[in-house]
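> mmCIF, C-alpha atoms and all ligand atoms, file work.cif:
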```cif
data_structure
loop_
_atom_site.label_atom_id
_atom_site.label_comp_id
_atom_site.auth_asym_id
_atom_site.auth_seq_id
_atom_site.Cartn_x
_atom_site.Cartn_y
_atom_site.Cartn_z
CA MET H 283 -18.36 -20.39 -23.37
CA LEU H 284 -17.96 -19.10 -19.82
CA LYS H 285 -21.31 -18.61 -18.11
CA ILE H 286 -21.55 -15.29 -16.28
CA GLY H 287 -24.20 -14.14 -13.80
CA ILE H 288 -24.56 -10.50 -12.77
CA ILE H 289 -25.66 -9.35 -9.30
CA GLY H 290 -26.82 -5.74 -9.30
CA THR H 291 -27.84 -4.26 -12.67
CA GLY H 292 -27.60 -0.54 -11.90
CA LYS H 293 -25.47 2.24 -13.39
CA ILE H 294 -21.99 0.71 -13.37
CA CYS H 295 -23.32 -2.65 -14.53
CA GLN H 296 -25.27 -1.27 -17.48
CA GLY H 297 -22.79 1.49 -18.29
CA VAL H 298 -19.58 -0.51 -18.06
CA HIS H 299 -19.73 -4.20 -17.09
CA LEU H 300 -22.36 -5.48 -19.53
CA PRO H 301 -20.89 -3.53 -22.50
CA ALA H 302 -17.47 -5.03 -21.59
CA TYR H 303 -18.77 -8.62 -21.54
CA ASP H 304 -20.58 -7.94 -24.84
CA LYS H 305 -17.17 -7.29 -26.42
CA ILE H 306 -15.38 -10.33 -24.96
CA ASP H 307 -15.37 -13.62 -26.90
CA ASP H 308 -16.09 -16.87 -25.05
CA VAL H 309 -18.40 -15.35 -22.41
CA GLU H 310 -22.15 -15.40 -22.17
CA ILE H 311 -24.45 -13.53 -19.77
CA VAL H 312 -26.78 -16.34 -18.68
CA ALA H 313 -28.33 -14.82 -15.54
CA LEU H 314 -29.09 -11.37 -14.19
CA CYS H 315 -30.10 -10.54 -10.63
CA ASP H 316 -31.43 -7.35 -9.08
CA ILE H 317 -33.89 -6.65 -6.29
CA ASP H 318 -35.40 -4.02 -8.60
CA GLU H 319 -37.59 -5.91 -11.09
CA LYS H 320 -38.04 -2.85 -13.29
CA LYS H 321 -34.30 -2.71 -13.91
CA LEU H 322 -34.18 -6.42 -14.61
CA ASN H 323 -37.06 -6.27 -17.06
CA SER H 324 -35.44 -3.37 -18.90
CA LEU H 325 -32.62 -5.76 -19.82
CA LYS H 326 -34.90 -8.50 -21.19
CA GLU H 327 -34.77 -7.26 -24.76
CA LYS H 328 -30.97 -6.97 -24.86
CA TYR H 329 -30.33 -10.30 -23.08
CA PRO H 330 -33.32 -12.46 -24.10
CA LYS H 331 -31.54 -15.70 -23.15
CA ALA H 332 -30.58 -14.57 -19.62
CA ARG H 333 -32.69 -15.90 -16.75
CA LEU H 334 -33.79 -13.18 -14.34
CA TYR H 335 -33.64 -13.35 -10.53
CA THR H 336 -34.46 -11.04 -7.64
CA ASP H 337 -32.47 -13.12 -5.12
CA PHE H 338 -28.76 -13.85 -5.68
CA GLU H 339 -28.86 -16.97 -3.50
CA GLU H 340 -31.59 -18.45 -5.69
CA MET H 341 -29.60 -17.55 -8.81
CA LEU H 342 -26.47 -19.22 -7.45
CA ASN H 343 -28.44 -22.30 -6.34
CA LYS H 344 -30.19 -22.78 -9.68
CA GLU H 345 -27.51 -21.80 -12.19
CA GLU H 346 -24.26 -23.54 -13.13
CA LEU H 347 -22.11 -20.41 -13.36
CA ASP H 348 -18.41 -20.00 -14.08
CA ALA H 349 -18.39 -16.51 -12.56
CA VAL H 350 -20.51 -13.82 -11.03
CA ASP H 351 -19.93 -10.12 -11.31
CA ILE H 352 -21.14 -8.11 -8.29
CA CYS H 353 -22.27 -4.53 -8.94
CA THR H 354 -24.49 -3.90 -5.91
CA PRO H 355 -24.24 -1.26 -3.19
CA ASN H 356 -21.08 -1.74 -1.09
CA ASN H 357 -22.62 -3.54 1.91
CA ILE H 358 -23.82 -6.42 -0.33
CA HIS H 359 -20.39 -7.10 -1.90
CA SER H 360 -19.03 -9.45 0.77
CA LYS H 361 -22.31 -11.34 1.29
CA ALA H 362 -22.73 -12.07 -2.42
CA ALA H 363 -19.01 -12.82 -2.96
CA ILE H 364 -18.82 -15.27 -0.04
CA TYR H 365 -22.01 -17.03 -1.11
CA ALA H 366 -20.71 -17.40 -4.68
CA LEU H 367 -17.22 -18.56 -3.64
CA ASN H 368 -18.75 -21.14 -1.28
CA LYS H 369 -20.68 -22.44 -4.31
CA GLY H 370 -17.39 -22.77 -6.23
CA VAL H 371 -18.04 -19.77 -8.48
CA ASN H 372 -15.32 -17.23 -9.47
CA VAL H 373 -16.03 -13.66 -8.41
CA MET H 374 -15.45 -10.27 -9.98
CA CYS H 375 -16.65 -7.59 -7.55
CA GLU H 376 -16.95 -3.83 -7.77
CA LYS H 377 -14.98 -1.64 -5.36
CA PRO H 378 -14.77 -1.17 -2.42
CA ASP H 379 -13.96 -4.78 -1.51
CA ALA H 380 -16.11 -4.69 1.63
CA VAL H 381 -17.33 -2.23 4.25
CA SER H 382 -15.35 -3.79 7.13
CA VAL H 383 -12.08 -5.64 7.69
CA VAL H 384 -13.95 -8.62 9.17
CA GLU H 385 -15.95 -8.97 5.94
CA ALA H 386 -12.89 -8.50 3.71
CA GLU H 387 -11.09 -11.24 5.66
CA LYS H 388 -14.07 -13.56 5.28
CA MET H 389 -14.02 -12.95 1.51
CA LYS H 390 -10.31 -13.81 1.40
CA GLU H 391 -10.88 -16.99 3.46
CA ALA H 392 -13.77 -18.06 1.19
CA ALA H 393 -11.56 -17.54 -1.88
CA GLU H 394 -8.72 -19.56 -0.35
CA LYS H 395 -11.03 -22.37 0.75
CA SER H 396 -12.74 -22.62 -2.63
CA GLY H 397 -9.58 -22.22 -4.71
CA LYS H 398 -11.59 -19.85 -6.93
CA THR H 399 -10.61 -16.39 -8.12
CA LEU H 400 -11.74 -13.35 -6.16
CA MET H 401 -10.94 -10.16 -8.01
CA VAL H 402 -12.09 -6.70 -6.96
CA MET H 403 -12.25 -3.90 -9.53
CA ARG H 404 -9.00 -1.90 -9.63
CA ASN H 405 -9.62 -0.28 -13.01
CA ASN H 406 -7.02 2.48 -12.62
CA ARG H 407 -4.27 -0.15 -12.67
CA TYR H 408 -5.20 -0.66 -16.34
CA ARG H 409 -4.68 2.90 -17.53
CA PRO H 410 -1.96 3.18 -20.21
CA SER H 411 -0.21 5.77 -17.98
CA THR H 412 -0.10 3.22 -15.13
CA LYS H 413 1.36 0.58 -17.44
CA PHE H 414 4.02 3.04 -18.64
CA LEU H 415 4.95 4.04 -15.10
CA GLN H 416 5.05 0.44 -13.95
CA GLN H 417 7.59 -0.37 -16.67
CA TYR H 418 9.56 2.85 -16.01
CA ILE H 419 9.78 1.92 -12.31
CA LYS H 420 10.69 -1.69 -13.11
CA GLU H 421 13.59 -0.47 -15.23
CA GLY H 422 14.89 1.38 -12.17
CA LYS H 423 14.41 4.82 -13.71
CA MET H 424 12.68 6.25 -10.64
CA GLY H 425 14.99 4.68 -8.07
CA GLU H 426 13.47 4.04 -4.67
CA ILE H 427 9.99 5.55 -4.38
CA TYR H 428 9.91 6.87 -0.85
CA ALA H 429 6.88 9.16 -0.76
CA GLY H 430 3.61 9.85 -2.53
CA ARG H 431 0.65 12.16 -2.53
CA CYS H 432 -2.72 11.29 -3.99
CA GLY H 433 -6.30 12.40 -4.04
CA TRP H 434 -9.61 12.74 -5.80
CA ILE H 435 -11.18 15.99 -4.79
CA ARG H 436 -14.47 17.37 -6.04
CA ARG H 437 -15.66 20.89 -5.46
CA ARG H 438 -19.29 19.75 -5.58
CA GLY H 439 -20.10 16.15 -6.39
CA ILE H 440 -21.96 14.27 -3.69
CA PRO H 441 -23.30 11.19 -5.50
CA GLY H 442 -26.58 9.53 -4.78
CA TRP H 443 -29.68 11.55 -5.54
CA GLY H 444 -31.66 9.92 -2.75
CA GLY H 445 -29.78 6.66 -2.83
CA TRP H 446 -27.41 4.46 -0.88
CA PHE H 447 -24.10 6.30 -1.53
CA THR H 448 -24.68 8.75 1.32
CA ASP H 449 -26.01 6.15 3.79
CA LYS H 450 -23.25 4.84 6.07
CA GLU H 451 -24.91 1.50 6.60
CA GLN H 452 -25.02 0.70 2.89
CA ALA H 453 -21.95 2.59 1.64
CA GLY H 454 -19.61 2.19 4.64
CA GLY H 455 -18.46 5.82 4.29
CA GLY H 456 -18.16 8.77 1.92
CA PRO H 457 -15.44 9.82 -0.54
CA LEU H 458 -12.71 7.99 1.39
CA ILE H 459 -14.24 4.57 0.77
CA ASP H 460 -15.78 5.53 -2.59
CA LEU H 461 -12.92 7.38 -4.29
CA GLY H 462 -10.05 6.56 -1.91
CA VAL H 463 -10.12 2.89 -2.71
CA HIS H 464 -9.31 3.69 -6.38
CA ILE H 465 -6.54 6.16 -5.84
CA ILE H 466 -4.86 4.84 -2.68
CA ASP H 467 -4.71 1.49 -4.46
CA LEU H 468 -3.15 3.05 -7.55
CA ALA H 469 -0.48 4.81 -5.49
CA MET H 470 0.27 1.70 -3.42
CA TYR H 471 0.37 -0.51 -6.52
CA LEU H 472 2.96 1.73 -8.15
CA MET H 473 4.89 2.08 -4.87
CA GLY H 474 5.25 -1.73 -4.75
CA ASN H 475 2.40 -2.63 -2.38
CA ALA H 476 4.43 -2.24 0.81
CA LYS H 477 2.65 -3.17 4.03
CA PRO H 478 0.79 -0.26 5.65
CA VAL H 479 1.75 0.12 9.34
CA THR H 480 0.10 3.29 10.69
CA VAL H 481 -2.51 5.74 9.51
CA SER H 482 -3.77 9.11 10.66
CA GLY H 483 -6.97 10.64 9.32
CA CYS H 484 -9.49 13.43 9.70
CA THR H 485 -13.00 13.40 8.22
CA TYR H 486 -15.58 16.19 7.95
CA LEU H 487 -19.22 16.63 6.95
CA LYS H 488 -19.72 20.30 6.11
CA PHE H 489 -21.96 20.19 3.01
CA PRO H 490 -25.03 18.15 4.01
CA HIS H 491 -27.26 20.84 2.43
CA THR H 492 -25.85 20.06 -1.04
CA SER H 493 -26.97 16.43 -0.89
CA TYR H 494 -30.34 15.36 -2.21
CA SER H 495 -30.60 12.54 0.29
CA LYS H 496 -29.92 11.68 3.91
CA ILE H 497 -26.18 11.97 4.46
CA ASP H 498 -24.36 10.47 7.43
CA VAL H 499 -20.94 9.98 5.83
CA GLU H 500 -18.03 12.41 5.44
CA ASP H 501 -17.74 14.82 2.52
CA LEU H 502 -13.97 15.34 3.04
CA ALA H 503 -11.23 13.02 4.28
CA MET H 504 -7.55 13.89 4.68
CA GLY H 505 -4.91 11.54 5.95
CA PHE H 506 -1.48 10.04 6.06
CA ILE H 507 -0.27 6.43 5.67
CA ARG H 508 3.14 5.01 6.69
CA PHE H 509 4.49 1.76 5.21
CA ASP H 510 6.87 -0.86 6.62
CA ASN H 511 9.60 0.15 4.12
CA GLY H 512 9.65 3.72 5.45
CA ALA H 513 7.59 5.14 2.57
CA CYS H 514 4.60 7.40 3.20
CA LEU H 515 1.48 8.52 1.35
CA GLN H 516 -0.48 11.72 1.88
CA ILE H 517 -4.16 11.49 0.87
CA GLU H 518 -7.24 13.67 0.34
CA PHE H 519 -10.70 12.82 -0.94
CA SER H 520 -13.76 14.99 -1.19
CA TRP H 521 -17.25 14.99 -2.64
CA ALA H 522 -17.65 18.65 -1.67
CA SER H 523 -14.95 21.13 -0.74
CA ASN H 524 -14.22 24.81 -1.42
CA ILE H 525 -11.30 24.26 -3.82
CA ALA H 526 -10.28 25.82 -7.13
CA GLU H 527 -11.09 22.81 -9.29
CA ASP H 528 -11.77 19.07 -9.28
CA GLN H 529 -8.61 16.95 -9.30
CA MET H 530 -7.75 13.27 -9.39
CA PHE H 531 -4.04 12.68 -9.02
CA VAL H 532 -1.21 10.39 -7.99
CA GLU H 533 2.19 11.95 -7.38
CA LEU H 534 5.21 9.79 -6.68
CA ARG H 535 8.60 10.94 -5.37
CA GLY H 536 11.47 8.66 -6.34
CA GLU H 537 15.22 9.14 -5.82
CA LYS H 538 15.88 9.43 -9.55
CA ALA H 539 12.53 10.74 -10.79
CA GLY H 540 9.08 11.77 -9.72
CA SER H 541 5.76 11.58 -11.53
CA ARG H 542 2.30 13.08 -11.58
CA MET H 543 -0.69 11.38 -13.19
CA SER H 544 -3.77 13.52 -13.37
CA GLY H 545 -6.91 11.59 -14.20
CA ILE H 546 -9.31 14.41 -14.94
CA ASP H 547 -7.28 16.32 -17.54
CA ARG H 548 -5.38 13.12 -18.47
CA LYS H 549 -2.06 14.93 -17.95
CA PHE H 550 0.86 12.68 -17.19
CA GLU H 551 4.38 13.93 -16.45
CA VAL H 552 7.67 12.51 -15.22
CA PHE H 553 10.20 14.80 -13.51
CA THR H 554 13.81 13.73 -13.80
CA GLU H 555 17.33 14.96 -14.52
CA GLU H 556 19.22 14.69 -17.82
CA CYS H 557 22.76 16.00 -18.38
CA GLY H 558 22.67 17.75 -15.02
CA THR H 559 19.45 19.58 -15.87
CA ASN H 560 15.92 19.14 -14.56
CA VAL H 561 13.65 17.84 -17.31
CA CYS H 562 9.97 17.13 -17.51
CA LEU H 563 8.92 14.19 -19.71
CA ARG H 564 5.45 14.08 -21.16
CA PRO H 565 5.04 10.51 -22.41
CA ASP H 566 3.07 10.43 -25.64
CA ILE H 567 0.26 8.37 -24.20
CA ASP H 568 -3.41 8.77 -24.79
CA ASP H 569 -4.68 7.72 -21.38
CA TYR H 570 -7.99 5.94 -21.75
CA ARG H 571 -11.09 8.01 -21.91
CA GLY H 572 -14.21 6.95 -20.07
CA MET H 573 -14.48 3.36 -19.03
CA GLN H 574 -11.91 1.50 -21.17
CA HIS H 575 -9.74 0.69 -18.15
CA HIS H 576 -12.73 -1.02 -16.48
CA GLU H 577 -13.10 -3.16 -19.58
CA ALA H 578 -9.39 -4.03 -19.43
CA ASN H 579 -9.82 -5.11 -15.78
CA ILE H 580 -12.80 -7.34 -16.69
CA ARG H 581 -10.84 -8.84 -19.61
CA HIS H 582 -8.01 -9.62 -17.18
CA PHE H 583 -10.47 -11.38 -14.83
CA ILE H 584 -11.71 -13.54 -17.73
CA ASP H 585 -8.11 -14.36 -18.76
CA VAL H 586 -7.37 -15.40 -15.16
CA ILE H 587 -10.35 -17.75 -14.87
CA LYS H 588 -9.47 -19.22 -18.28
CA GLY H 589 -6.00 -19.94 -16.85
CA GLU H 590 -4.35 -17.61 -19.36
CA ALA H 591 -3.03 -15.00 -16.88
CA GLU H 592 -1.81 -14.74 -13.32
CA PRO H 593 -4.08 -12.53 -11.19
CA ASP H 594 -2.85 -8.98 -10.91
CA PHE H 595 -4.90 -8.51 -7.72
CA THR H 596 -4.73 -10.62 -4.57
CA PRO H 597 -7.44 -10.87 -1.89
CA GLU H 598 -4.71 -9.95 0.62
CA GLN H 599 -4.31 -6.58 -1.12
CA GLY H 600 -8.07 -6.19 -0.67
CA VAL H 601 -7.84 -6.88 3.06
CA ASN H 602 -4.95 -4.38 3.39
CA MET H 603 -6.98 -1.75 1.57
CA VAL H 604 -10.02 -2.17 3.83
CA LYS H 605 -7.70 -2.15 6.88
CA ILE H 606 -6.38 1.23 5.80
CA LEU H 607 -9.84 2.67 5.16
CA GLU H 608 -11.29 1.37 8.42
CA ALA H 609 -8.31 2.60 10.43
CA LEU H 610 -8.50 6.07 8.81
CA TYR H 611 -12.13 6.33 9.95
CA LYS H 612 -11.17 5.12 13.42
CA SER H 613 -8.30 7.61 13.58
CA ALA H 614 -10.67 10.43 12.60
CA GLU H 615 -13.10 9.37 15.32
CA LEU H 616 -10.46 9.00 18.07
CA GLY H 617 -8.28 11.92 17.02
CA HIS H 618 -4.94 10.10 16.90
CA GLU H 619 -2.77 7.84 14.76
CA ILE H 620 -3.75 4.15 14.51
CA GLN H 621 -1.38 1.19 14.35
CA LEU H 622 -2.51 -1.44 11.83
N1 LIG F 701 -15.17 1.15 -10.55
C1 LIG F 701 -15.81 2.27 -10.70
O1 LIG F 701 -15.34 3.21 -11.37
C2 LIG F 701 -17.18 2.43 -10.11
C3 LIG F 701 -17.99 3.51 -10.51
C4 LIG F 701 -19.28 3.60 -9.97
C5 LIG F 701 -19.71 2.68 -9.02
N2 LIG F 701 -18.87 1.66 -8.64
C6 LIG F 701 -19.31 0.68 -7.64
O2 LIG F 701 -20.30 -0.16 -8.22
C7 LIG F 701 -21.28 -0.51 -7.27
C8 LIG F 701 -22.67 -0.14 -7.80
O3 LIG F 701 -22.71 1.24 -8.03
P1 LIG F 701 -23.84 1.86 -9.03
O4 LIG F 701 -23.45 3.28 -9.22
O5 LIG F 701 -24.01 1.00 -10.20
O6 LIG F 701 -25.11 1.78 -8.07
P2 LIG F 701 -26.63 1.61 -8.49
O7 LIG F 701 -27.41 1.99 -7.31
O8 LIG F 701 -26.89 2.30 -9.80
O9 LIG F 701 -26.77 0.03 -8.76
C9 LIG F 701 -26.80 -0.92 -7.74
C10 LIG F 701 -27.84 -1.99 -8.10
O10 LIG F 701 -27.78 -3.04 -7.15
C11 LIG F 701 -29.11 -3.46 -6.89
N3 LIG F 701 -29.15 -4.19 -5.62
C12 LIG F 701 -29.19 -3.71 -4.36
N4 LIG F 701 -29.19 -4.73 -3.47
C13 LIG F 701 -29.16 -5.86 -4.18
C14 LIG F 701 -29.15 -7.24 -3.83
N5 LIG F 701 -29.19 -7.65 -2.56
N6 LIG F 701 -29.11 -8.16 -4.83
C15 LIG F 701 -29.10 -7.77 -6.13
N7 LIG F 701 -29.10 -6.47 -6.52
C16 LIG F 701 -29.13 -5.54 -5.55
C17 LIG F 701 -29.91 -2.18 -6.89
O11 LIG F 701 -31.30 -2.40 -7.08
C18 LIG F 701 -29.26 -1.45 -8.06
O12 LIG F 701 -29.91 -1.73 -9.30
C19 LIG F 701 -20.88 0.21 -5.98
O13 LIG F 701 -20.22 -0.67 -5.13
C20 LIG F 701 -19.95 1.32 -6.42
O14 LIG F 701 -18.97 1.65 -5.46
C21 LIG F 701 -17.64 1.54 -9.17
#
```
Here is the file; what I need is its structure written in the form of structure tokens.

Amino acid sequence: MLKIGIIGTGKICQGVHLPAYDKIDDVEIVALCDIDEKKLNSLKEKYPKARLYTDFEEMLNKEELDAVDICTPNNIHSKAAIYALNKGVNVMCEKPDAVSVVEAEKMKEAAEKSGKTLMVMRNNRYRPSTKFLQQYIKEGKMGEIYAGRCGWIRRRGIPGWGGWFTDKEQAGGGPLIDLGVHIIDLAMYLMGNAKPVTVSGCTYLKFPHTSYSKIDVEDLAMGFIRFDNGACLQIEFSWASNIAEDQMFVELRGEKAGSRMSGIDRKFEVFTEECGTNVCLRPDIDDYRGMQHHEANIRHFIDVIKGEAEPDFTPEQGVNMVKILEALYKSAELGHEIQL
């Protein structure tokens, strides 16, 4: 049995992570940690054997864990991950990896030094549509993918309700760091994870009155990323914006075919040519509803620490992601393109 400890028992933990571990054989939740005792106590009945902690350092010092799963606000991710890795414990961590490049690099160093697995949640990589497209690309059916466009735009959807999501110190930013990390990663993953070389971004805060809490992060971010292989990616992320409808999409342009995955309506299309005619393929795929792709990511983490799979995510990809996000914020602040 692999012994798992959880750090942060809020919404994503109780809604997704714990139900995923409950379904996986060979794992046991032996310790739970949260600074909020009420939340911890609410889990007592469901996990009577788990020891409860309000301090993750104490948990990691007292328990013999195989892995921790970090589901705290963003600014705690790197602190908890580094502490666990230094104790020789494998780490699964929620996105975003960290709120600064310095912290993401320290996480990568701690993983390398310990020889343990550091995996950050990239649940969209586990959608059936992603798996299809990955195979389609591998078989050369899209040719070179030279450009992409992606986004997750909400008309009204500032998260938080008085919490940490809208506080720059704890969240690191708004929809760019919150939603961007999912979708930029998905686009880059499918485009072959080329090295980002320059970024240009703009951020805006125009809807503070629609938030129920203090807000000092952007509500809209637009930008552009260039890669070392000549490819580019256009991005947009909003929590509030005057648009027709909410969208979550990744569009790829390849020499032989293009594609559009749309996460909200679960529409997935490939645009290609057959017999000299433009055709649109609609693969007969039921893209996961709800949180099944998170569960698949957690299952992959467990397979990796059991030595049964090679990690699909590398800490270097995490550092590259945070470099992009940080540079987009810097570009928005300075008003010009940034070299990475
Ligand atoms: N992958 C996804 O689809 C997805 C979706 C939602 C949230 N998330 C990420 O999950 C993380 C948590 O989000 P949430 O919505 O569950 O937030 P939440 O506020 O509901 O839960 C966070 C929990 O962490 C606890 N906490 C804070 N500081 C702590 C500390 N030092 N030690 C232990 N516990 C501490 C809080 O008390 C709270 O219970 C965030 O990083 C967020 O970006 C990911």
> Please identify all protein, DNA and RNA residues within 7 Å of ligand LIG 701 (chain F), counting only C-alpha atoms and all ligand atoms, and report them as a PyMOL selection string.
chain H and resi 289-295+315-318+321+336-338+353-356+358+376-378+403-405+445-446+460+576
> Would you work out the distance separating CA of Gly589 (chain H) from CA of Glu310 (chain H), expressed in Å to one decimal?
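Going from CA of Gly589 (chain H) over to CA of Glu310 (chain H), I get 17.6 Å.
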> Please work out which residues fall within 12 Å of (-14.1, -11.9, -6.2), coordinates as given in the file, with only C-alpha atoms counting, and return them as number ranges by chain.
H: 349-353, 359-368, 370-380, 386, 388-394, 396-404, 580, 583-584, 586-587, 593, 595-598, 600
> Would you mind telling me which residue in H:Phe553, H:Tyr486, H:Tyr303, H:Phe447 lies nearest to Ile459 (chain H) when using only C-alpha atoms?
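When distances to Ile459 (chain H) are compared using only C-alpha atoms, the smallest one comes from H:Phe447.
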> Where's the centre, and what are the edge lengths in Å to one decimal, of a box along x, y and z enclosing all listed atoms of region 531-540 of chain H padded 4 Å per side, as JSON?

```
{"center_x": 5.9, "center_y": 10.7, "center_z": -8.1, "size_x": 27.9, "size_y": 12.0, "size_z": 13.4}
```
> Would you pick out the contacts of Asp547 (chain H) at 9 Å or less, using only C-alpha atoms, so that residues sharing its chain but fewer than 2 positions from it are not included, and give the list as a list of chain:residue names?
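What passes the distance filter is H:Gln529, H:Met530, H:Ser544, H:Gly545, H:Lys549, H:Phe550.
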> Work out how far CA of Glu537 (chain H) is from CA of Gly512 (chain H), in Å to one decimal.
13.7 Å
> Can you list, as a ChimeraX atom specification, every protein, DNA or RNA residue that comes within 9 Å of Gly439 (chain H) when you count all atoms listed in the file, leaving out same-chain residues fewer than 3 positions away?
/H:436,492-493,520-522
> Kindly save the residues from that selection, with C-alpha atoms included, as a short mmCIF file (atom, residue, chain, number, x, y, z; two decimals), in the coordinates of the input.

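That gives us result.cif:
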```cif
data_model
loop_
_atom_site.label_atom_id
_atom_site.label_comp_id
_atom_site.auth_asym_id
_atom_site.auth_seq_id
_atom_site.Cartn_x
_atom_site.Cartn_y
_atom_site.Cartn_z
CA ARG H 436 -14.47 17.37 -6.04
CA THR H 492 -25.85 20.06 -1.04
CA SER H 493 -26.97 16.43 -0.89
CA SER H 520 -13.76 14.99 -1.19
CA TRP H 521 -17.25 14.99 -2.64
CA ALA H 522 -17.65 18.65 -1.67
#
```
> Residues at most 8 Å from Ser411 (chain H), counting all atoms listed in the file, excluding those fewer than 2 positions away in the same chain, as a list of chain:residue names?
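Those residues are H:Arg409, H:Lys413, H:Phe414, H:Leu415, H:Met543, H:Phe550, H:Ile567, H:Asp569.
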